[in-house]
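One structure is given here, and the rest of the page talks about it.
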There are 2 protein chains.
Amino acid sequence: MLVNGARGNLISIRDRGLLYGDGIFRTFPAINGQAQHWPLHYQKLQHDCAALVLTCPDEITLLDELKPLLVAHPDGVFKIIVTRGIGQRGYAPPCPADFTHIWDVTPRPIYTKDYASTGIRARVCQLRLAAQPLLAGIKHLNRLENVLAAAEKTDDECAEGLLLDANDCVIEGIRSNVFLVQQGALVTPDLSRCGVAGVQRARIMAWAQQHNIALQVREVKLAELKLADEVFFTNSVISIWPLRALENRCWHDFPMTQKIRLALMGEAP
Amino acid sequence: MLVNGARGNLISIRDRGLLYGDGIFRTFPAINGQAQHWPLHYQKLQHDCAALVLTCPDEITLLDELKPLLVAHPDGVFKIIVTRGIGQRGYAPPCPADFTHIWDVTPRPIYTKDYASTGIRARVCQLRLAAQPLLAGIKHLNRLENVLAAAEKTDDECAEGLLLDANDCVIEGIRSNVFLVQQGALVTPDLSRCGVAGVQRARIMAWAQQHNIALQVREVKLAELKLADEVFFTNSVISIWPLRALENRCWHDFPMTQKIRLALMGEAP
């Protein structure tokens, strides 16, 4: 673990990342010592920093720090956190701020292969995401909604929870983005009011465009999702998981989902 | 500063307080070595912990830790943070969790006396608070909305910003609660969808009840606030500040506000 480039696993109790969740983060796996899709993750890091008016650490610095970590943890899950650092008391951002950036590595989680092949059961979360256009799309450190949704008591064994907004619109999974397949075309929820716009979502959107597959980014109601030919979840760590069961609806075949998974992710992870 | 009862000012980069804002906090001043309204703050700490299913540190432990801090900082501003501590990777709360509790002390800020006597100028924040009933009222560590509101560029010199929701309803100040005085009665915004329900707000509500002053907790539109006889902001550190100017509206006399301020806060702080 590195904090501002130095080995360590501690930060100040006055860091605004802790006090206010005033920062952003990214998570991505390494495979055989290669950070997966680093350029896209760095681009998104820059984007999210800009959205919160945080100074993004420069890429050369981050890559210098990342390189020995990749050697030590060639198959780890990497997390980079950027916070606004330490300021005076109060919400107003300090100017200039001493930003904090943190690297952490954890082992890659081992999921059953079935998740990727025969799909997962998901549940509809009771929590409804709040609409905050100024924070929508950003992977910031204010993640209590995700925590509460993940903590919901449930009888089912579900590998993911589907998050809706207050209008019954589907937004995302607790830790993933979601796509629908409708007659060979793709639909993914609009994230301009809530949700996190992940890197895998962007990759799938770019792939669809390159392959002349129609893709719509728009409002999706839960009822519409249940009528879709296929539904899948995606993030950088899980890759792509088809949806096998949600409430009373079941799906059995996922040809388009598997096509995208093979094209974009390969068999691994 | 104390972290889990031990002197120190550092926490783990894996603390969920940092990773997700998964925790709560309270801020209160000491005057002459006395923690102001400690029983109410502890009660609210218990309430907010319960809302997030956090284990609240017991009062005897906290008071044992607080006592020497009060001797060392008899007029400081005290902050207590409780987080869900360190868990495995992912949003789901660990079970059982090793909770983290943190004490910090900063000097009491010095505000011009005018703020309390002749009132402050405030602005209407551009940011609109998102509605999340599951988090409303709680002083949790997801405070990016407050940060963004405090960071808004403004020409006016304003001591506070007024936060509305997406429906033009007044909710609170960036760091305070708000009350209206209407023909001798009090009105304060309903906080069941967003906002933080502070201890001073609760004290004023209790005082009104004890003194047979009518008090309504309900939806308040910005237009209604501008028509109020008096408006004031309150929190544990600033005490009570009357509103002198908001956009094109000015107020000059604050008899009810000053009556409450004297009754509840005395002249100090």
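In the structure tokens, the first chain shown is A, the next is B, and so on; residue numbers restart at 1 for each chain, and ligands run from 1 in the order shown.
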List as a tab-separated table every residue of chain A that is in contact with chain B, defined as an atom at most 7 Å from one of its atoms (using only C-alpha atoms), together with the nearest atom pair and the distance in Å rounded to one decimal, sorted by chain and then rising number.
residue	atom	partner	partner_atom	distance
A:Asn9	CA	B:Ile13	CA	5.5
A:Leu10	CA	B:Ser12	CA	4.5
A:Ile11	CA	B:Leu10	CA	5.3
A:Ser12	CA	B:Leu10	CA	4.5
A:Ile13	CA	B:Leu10	CA	5.3
A:Gly17	CA	B:Leu18	CA	5.5
A:Leu18	CA	B:Leu18	CA	4.1
A:Leu19	CA	B:Leu141	CA	6.0
A:Tyr20	CA	B:Arg143	CA	4.6
A:Gly21	CA	B:Gly21	CA	5.2
A:Asp22	CA	B:Leu144	CA	5.9
A:Tyr91	CA	B:Val147	CA	4.9
A:Ala92	CA	B:Ala150	CA	4.8
A:Pro93	CA	B:Ala151	CA	6.3
A:Ala130	CA	B:Gln132	CA	5.3
A:Ala131	CA	B:Ala130	CA	5.4
A:Gln132	CA	B:Ala130	CA	5.2
A:Leu141	CA	B:Tyr20	CA	5.1
A:Asn142	CA	B:Asn142	CA	4.7
A:Arg143	CA	B:Tyr20	CA	4.6
A:Leu144	CA	B:Asp22	CA	5.9
A:Asn146	CA	B:Tyr91	CA	6.2
A:Val147	CA	B:Tyr91	CA	4.8
A:Ala150	CA	B:Ala92	CA	4.8
A:Ala151	CA	B:Ala92	CA	5.5
* Looking only at the backbone, which of the residues in range 34-230 of chain B does DSSP tag as strand (DSSP E or B), as an MDAnalysis selection string? -> chainID B and resid 34:35 76:86 98:107 120:129 137 140 160:165 169:173 176:182 185:189 196 215:218 221 230
* If you count only C-alpha atoms, which residues fall within 9 Å of Ala51 in chain A, apart from same-chain ones fewer than 3 positions away, as a ChimeraX atom specification? -> /A:46-48,54,134-135,138
* Asked: Which one is closest to Gln200 in chain A: A:Ser236, A:Asn4, A:Asn167, A:Asn32? Count only C-alpha atoms.
  -> A:Ser236
Pick out the residues sitting within 10 Å of range 178-187 of chain B, and hand them over as a PDB file with N, CA and C atoms, in the first residue's frame; count only C-alpha atoms, and ignore anything fewer than 4 positions along from it in its own chain.
ATOM      1  N   LEU B 162     -28.087  28.734   1.800  1.00  0.00           N
ATOM      2  CA  LEU B 162     -29.369  28.067   2.021  1.00  0.00           C
ATOM      3  C   LEU B 162     -29.517  26.945   1.004  1.00  0.00           C
ATOM      4  N   LEU B 163     -29.794  25.747   1.494  1.00  0.00           N
ATOM      5  CA  LEU B 163     -29.925  24.583   0.621  1.00  0.00           C
ATOM      6  C   LEU B 163     -31.388  24.237   0.406  1.00  0.00           C
ATOM      7  N   VAL B 170     -37.079  24.680   0.953  1.00  0.00           N
ATOM      8  CA  VAL B 170     -35.951  24.988   1.823  1.00  0.00           C
ATOM      9  C   VAL B 170     -35.719  23.791   2.740  1.00  0.00           C
ATOM     10  N   ILE B 171     -34.451  23.380   2.875  1.00  0.00           N
ATOM     11  CA  ILE B 171     -34.144  22.253   3.756  1.00  0.00           C
ATOM     12  C   ILE B 171     -33.312  22.687   4.964  1.00  0.00           C
ATOM     13  N   GLU B 172     -32.226  23.418   4.704  1.00  0.00           N
ATOM     14  CA  GLU B 172     -31.287  23.743   5.786  1.00  0.00           C
ATOM     15  C   GLU B 172     -30.242  24.719   5.262  1.00  0.00           C
ATOM     16  N   GLY B 173     -29.316  25.114   6.150  1.00  0.00           N
ATOM     17  CA  GLY B 173     -28.109  25.794   5.722  1.00  0.00           C
ATOM     18  C   GLY B 173     -27.041  24.746   5.429  1.00  0.00           C
ATOM     19  N   ARG B 201     -31.482  22.326  16.653  1.00  0.00           N
ATOM     20  CA  ARG B 201     -32.861  22.297  16.122  1.00  0.00           C
ATOM     21  C   ARG B 201     -33.785  21.593  17.126  1.00  0.00           C
ATOM     22  N   ILE B 204     -34.439  23.818  20.146  1.00  0.00           N
ATOM     23  CA  ILE B 204     -35.375  24.912  19.870  1.00  0.00           C
ATOM     24  C   ILE B 204     -36.807  24.374  19.788  1.00  0.00           C
ATOM     25  N   MET B 205     -36.956  23.213  19.190  1.00  0.00           N
ATOM     26  CA  MET B 205     -38.283  22.599  19.116  1.00  0.00           C
ATOM     27  C   MET B 205     -38.812  22.288  20.513  1.00  0.00           C
ATOM     28  N   ALA B 208     -39.786  25.547  22.272  1.00  0.00           N
ATOM     29  CA  ALA B 208     -41.063  26.079  21.774  1.00  0.00           C
ATOM     30  C   ALA B 208     -42.228  25.345  22.432  1.00  0.00           C
ATOM     31  N   ASN B 212     -45.168  26.977  24.958  1.00  0.00           N
ATOM     32  CA  ASN B 212     -46.424  27.123  24.217  1.00  0.00           C
ATOM     33  C   ASN B 212     -46.305  28.022  23.004  1.00  0.00           C
ATOM     34  N   ILE B 213     -45.185  27.901  22.328  1.00  0.00           N
ATOM     35  CA  ILE B 213     -45.020  28.632  21.068  1.00  0.00           C
ATOM     36  C   ILE B 213     -45.347  27.645  19.954  1.00  0.00           C
ATOM     37  N   ALA B 214     -46.274  28.027  19.112  1.00  0.00           N
ATOM     38  CA  ALA B 214     -46.659  27.121  18.026  1.00  0.00           C
ATOM     39  C   ALA B 214     -45.451  26.824  17.154  1.00  0.00           C
ATOM     40  N   LEU B 215     -45.273  25.569  16.781  1.00  0.00           N
ATOM     41  CA  LEU B 215     -44.160  25.190  15.918  1.00  0.00           C
ATOM     42  C   LEU B 215     -44.631  24.156  14.909  1.00  0.00           C
ATOM     43  N   GLN B 216     -44.356  24.417  13.663  1.00  0.00           N
ATOM     44  CA  GLN B 216     -44.696  23.465  12.609  1.00  0.00           C
ATOM     45  C   GLN B 216     -43.431  22.931  11.961  1.00  0.00           C
ATOM     46  N   VAL B 217     -43.403  21.633  11.720  1.00  0.00           N
ATOM     47  CA  VAL B 217     -42.341  21.003  10.941  1.00  0.00           C
ATOM     48  C   VAL B 217     -42.992  20.566   9.645  1.00  0.00           C
ATOM     49  N   ARG B 218     -42.628  21.234   8.566  1.00  0.00           N
ATOM     50  CA  ARG B 218     -43.346  20.963   7.315  1.00  0.00           C
ATOM     51  C   ARG B 218     -42.550  21.476   6.127  1.00  0.00           C
ATOM     52  N   GLU B 219     -43.074  21.225   4.946  1.00  0.00           N
ATOM     53  CA  GLU B 219     -42.499  21.735   3.708  1.00  0.00           C
ATOM     54  C   GLU B 219     -42.506  23.264   3.726  1.00  0.00           C
ATOM     55  N   VAL B 220     -41.376  23.864   3.371  1.00  0.00           N
ATOM     56  CA  VAL B 220     -41.278  25.328   3.312  1.00  0.00           C
ATOM     57  C   VAL B 220     -40.675  25.704   1.965  1.00  0.00           C
ATOM     58  N   GLU B 224     -41.914  31.278   0.577  1.00  0.00           N
ATOM     59  CA  GLU B 224     -42.496  31.474   1.911  1.00  0.00           C
ATOM     60  C   GLU B 224     -41.435  31.982   2.883  1.00  0.00           C
ATOM     61  N   LEU B 225     -40.229  31.444   2.786  1.00  0.00           N
ATOM     62  CA  LEU B 225     -39.153  31.899   3.672  1.00  0.00           C
ATOM     63  C   LEU B 225     -38.914  33.394   3.522  1.00  0.00           C
ATOM     64  N   LYS B 226     -38.980  33.862   2.278  1.00  0.00           N
ATOM     65  CA  LYS B 226     -38.706  35.288   2.048  1.00  0.00           C
ATOM     66  C   LYS B 226     -39.793  36.189   2.637  1.00  0.00           C
ATOM     67  N   LEU B 227     -40.968  35.612   2.871  1.00  0.00           N
ATOM     68  CA  LEU B 227     -42.063  36.392   3.447  1.00  0.00           C
ATOM     69  C   LEU B 227     -42.085  36.322   4.973  1.00  0.00           C
ATOM     70  N   ALA B 228     -41.217  35.508   5.553  1.00  0.00           N
ATOM     71  CA  ALA B 228     -41.239  35.317   7.005  1.00  0.00           C
ATOM     72  C   ALA B 228     -40.861  36.609   7.727  1.00  0.00           C
ATOM     73  N   ASP B 229     -41.359  36.769   8.955  1.00  0.00           N
ATOM     74  CA  ASP B 229     -41.010  37.947   9.767  1.00  0.00           C
ATOM     75  C   ASP B 229     -39.536  37.912  10.161  1.00  0.00           C
ATOM     76  N   GLU B 230     -39.080  36.708  10.512  1.00  0.00           N
ATOM     77  CA  GLU B 230     -37.668  36.508  10.845  1.00  0.00           C
ATOM     78  C   GLU B 230     -37.251  35.122  10.335  1.00  0.00           C
ATOM     79  N   VAL B 231     -35.977  34.991  10.087  1.00  0.00           N
ATOM     80  CA  VAL B 231     -35.406  33.696   9.717  1.00  0.00           C
ATOM     81  C   VAL B 231     -34.090  33.573  10.485  1.00  0.00           C
ATOM     82  N   PHE B 232     -33.792  32.391  10.996  1.00  0.00           N
ATOM     83  CA  PHE B 232     -32.473  32.234  11.623  1.00  0.00           C
ATOM     84  C   PHE B 232     -31.890  30.858  11.357  1.00  0.00           C
ATOM     85  N   PHE B 233     -30.551  30.812  11.414  1.00  0.00           N
ATOM     86  CA  PHE B 233     -29.782  29.585  11.267  1.00  0.00           C
ATOM     87  C   PHE B 233     -29.258  29.171  12.641  1.00  0.00           C
ATOM     88  N   THR B 234     -29.109  27.884  12.835  1.00  0.00           N
ATOM     89  CA  THR B 234     -28.580  27.424  14.118  1.00  0.00           C
ATOM     90  C   THR B 234     -27.746  26.164  13.941  1.00  0.00           C
ATOM     91  N   ASN B 235     -26.649  26.106  14.670  1.00  0.00           N
ATOM     92  CA  ASN B 235     -25.946  24.836  14.882  1.00  0.00           C
ATOM     93  C   ASN B 235     -25.178  24.934  16.193  1.00  0.00           C
ATOM     94  N   ILE B 240     -26.936  30.784  17.301  1.00  0.00           N
ATOM     95  CA  ILE B 240     -28.031  31.235  16.430  1.00  0.00           C
ATOM     96  C   ILE B 240     -27.610  32.505  15.710  1.00  0.00           C
ATOM     97  N   TRP B 241     -27.792  32.518  14.406  1.00  0.00           N
ATOM     98  CA  TRP B 241     -27.532  33.712  13.604  1.00  0.00           C
ATOM     99  C   TRP B 241     -28.821  34.112  12.878  1.00  0.00           C
ATOM    100  N   PRO B 242     -29.290  35.345  13.107  1.00  0.00           N
ATOM    101  CA  PRO B 242     -30.442  35.805  12.322  1.00  0.00           C
ATOM    102  C   PRO B 242     -30.029  36.050  10.869  1.00  0.00           C
ATOM    103  N   LEU B 243     -31.005  35.956   9.997  1.00  0.00           N
ATOM    104  CA  LEU B 243     -30.776  36.236   8.580  1.00  0.00           C
ATOM    105  C   LEU B 243     -31.111  37.704   8.333  1.00  0.00           C
ATOM    106  N   PHE B 254     -35.081  41.305  14.865  1.00  0.00           N
ATOM    107  CA  PHE B 254     -35.152  39.851  15.119  1.00  0.00           C
ATOM    108  C   PHE B 254     -35.563  39.587  16.563  1.00  0.00           C
ATOM    109  N   PRO B 255     -36.686  40.144  17.007  1.00  0.00           N
ATOM    110  CA  PRO B 255     -37.027  40.011  18.439  1.00  0.00           C
ATOM    111  C   PRO B 255     -37.185  38.551  18.875  1.00  0.00           C
ATOM    112  N   MET B 256     -37.879  37.751  18.090  1.00  0.00           N
ATOM    113  CA  MET B 256     -38.096  36.353  18.483  1.00  0.00           C
ATOM    114  C   MET B 256     -36.788  35.576  18.435  1.00  0.00           C
ATOM    115  N   THR B 257     -36.013  35.803  17.394  1.00  0.00           N
ATOM    116  CA  THR B 257     -34.722  35.128  17.253  1.00  0.00           C
ATOM    117  C   THR B 257     -33.838  35.422  18.464  1.00  0.00           C
TER     118      THR B 257
END
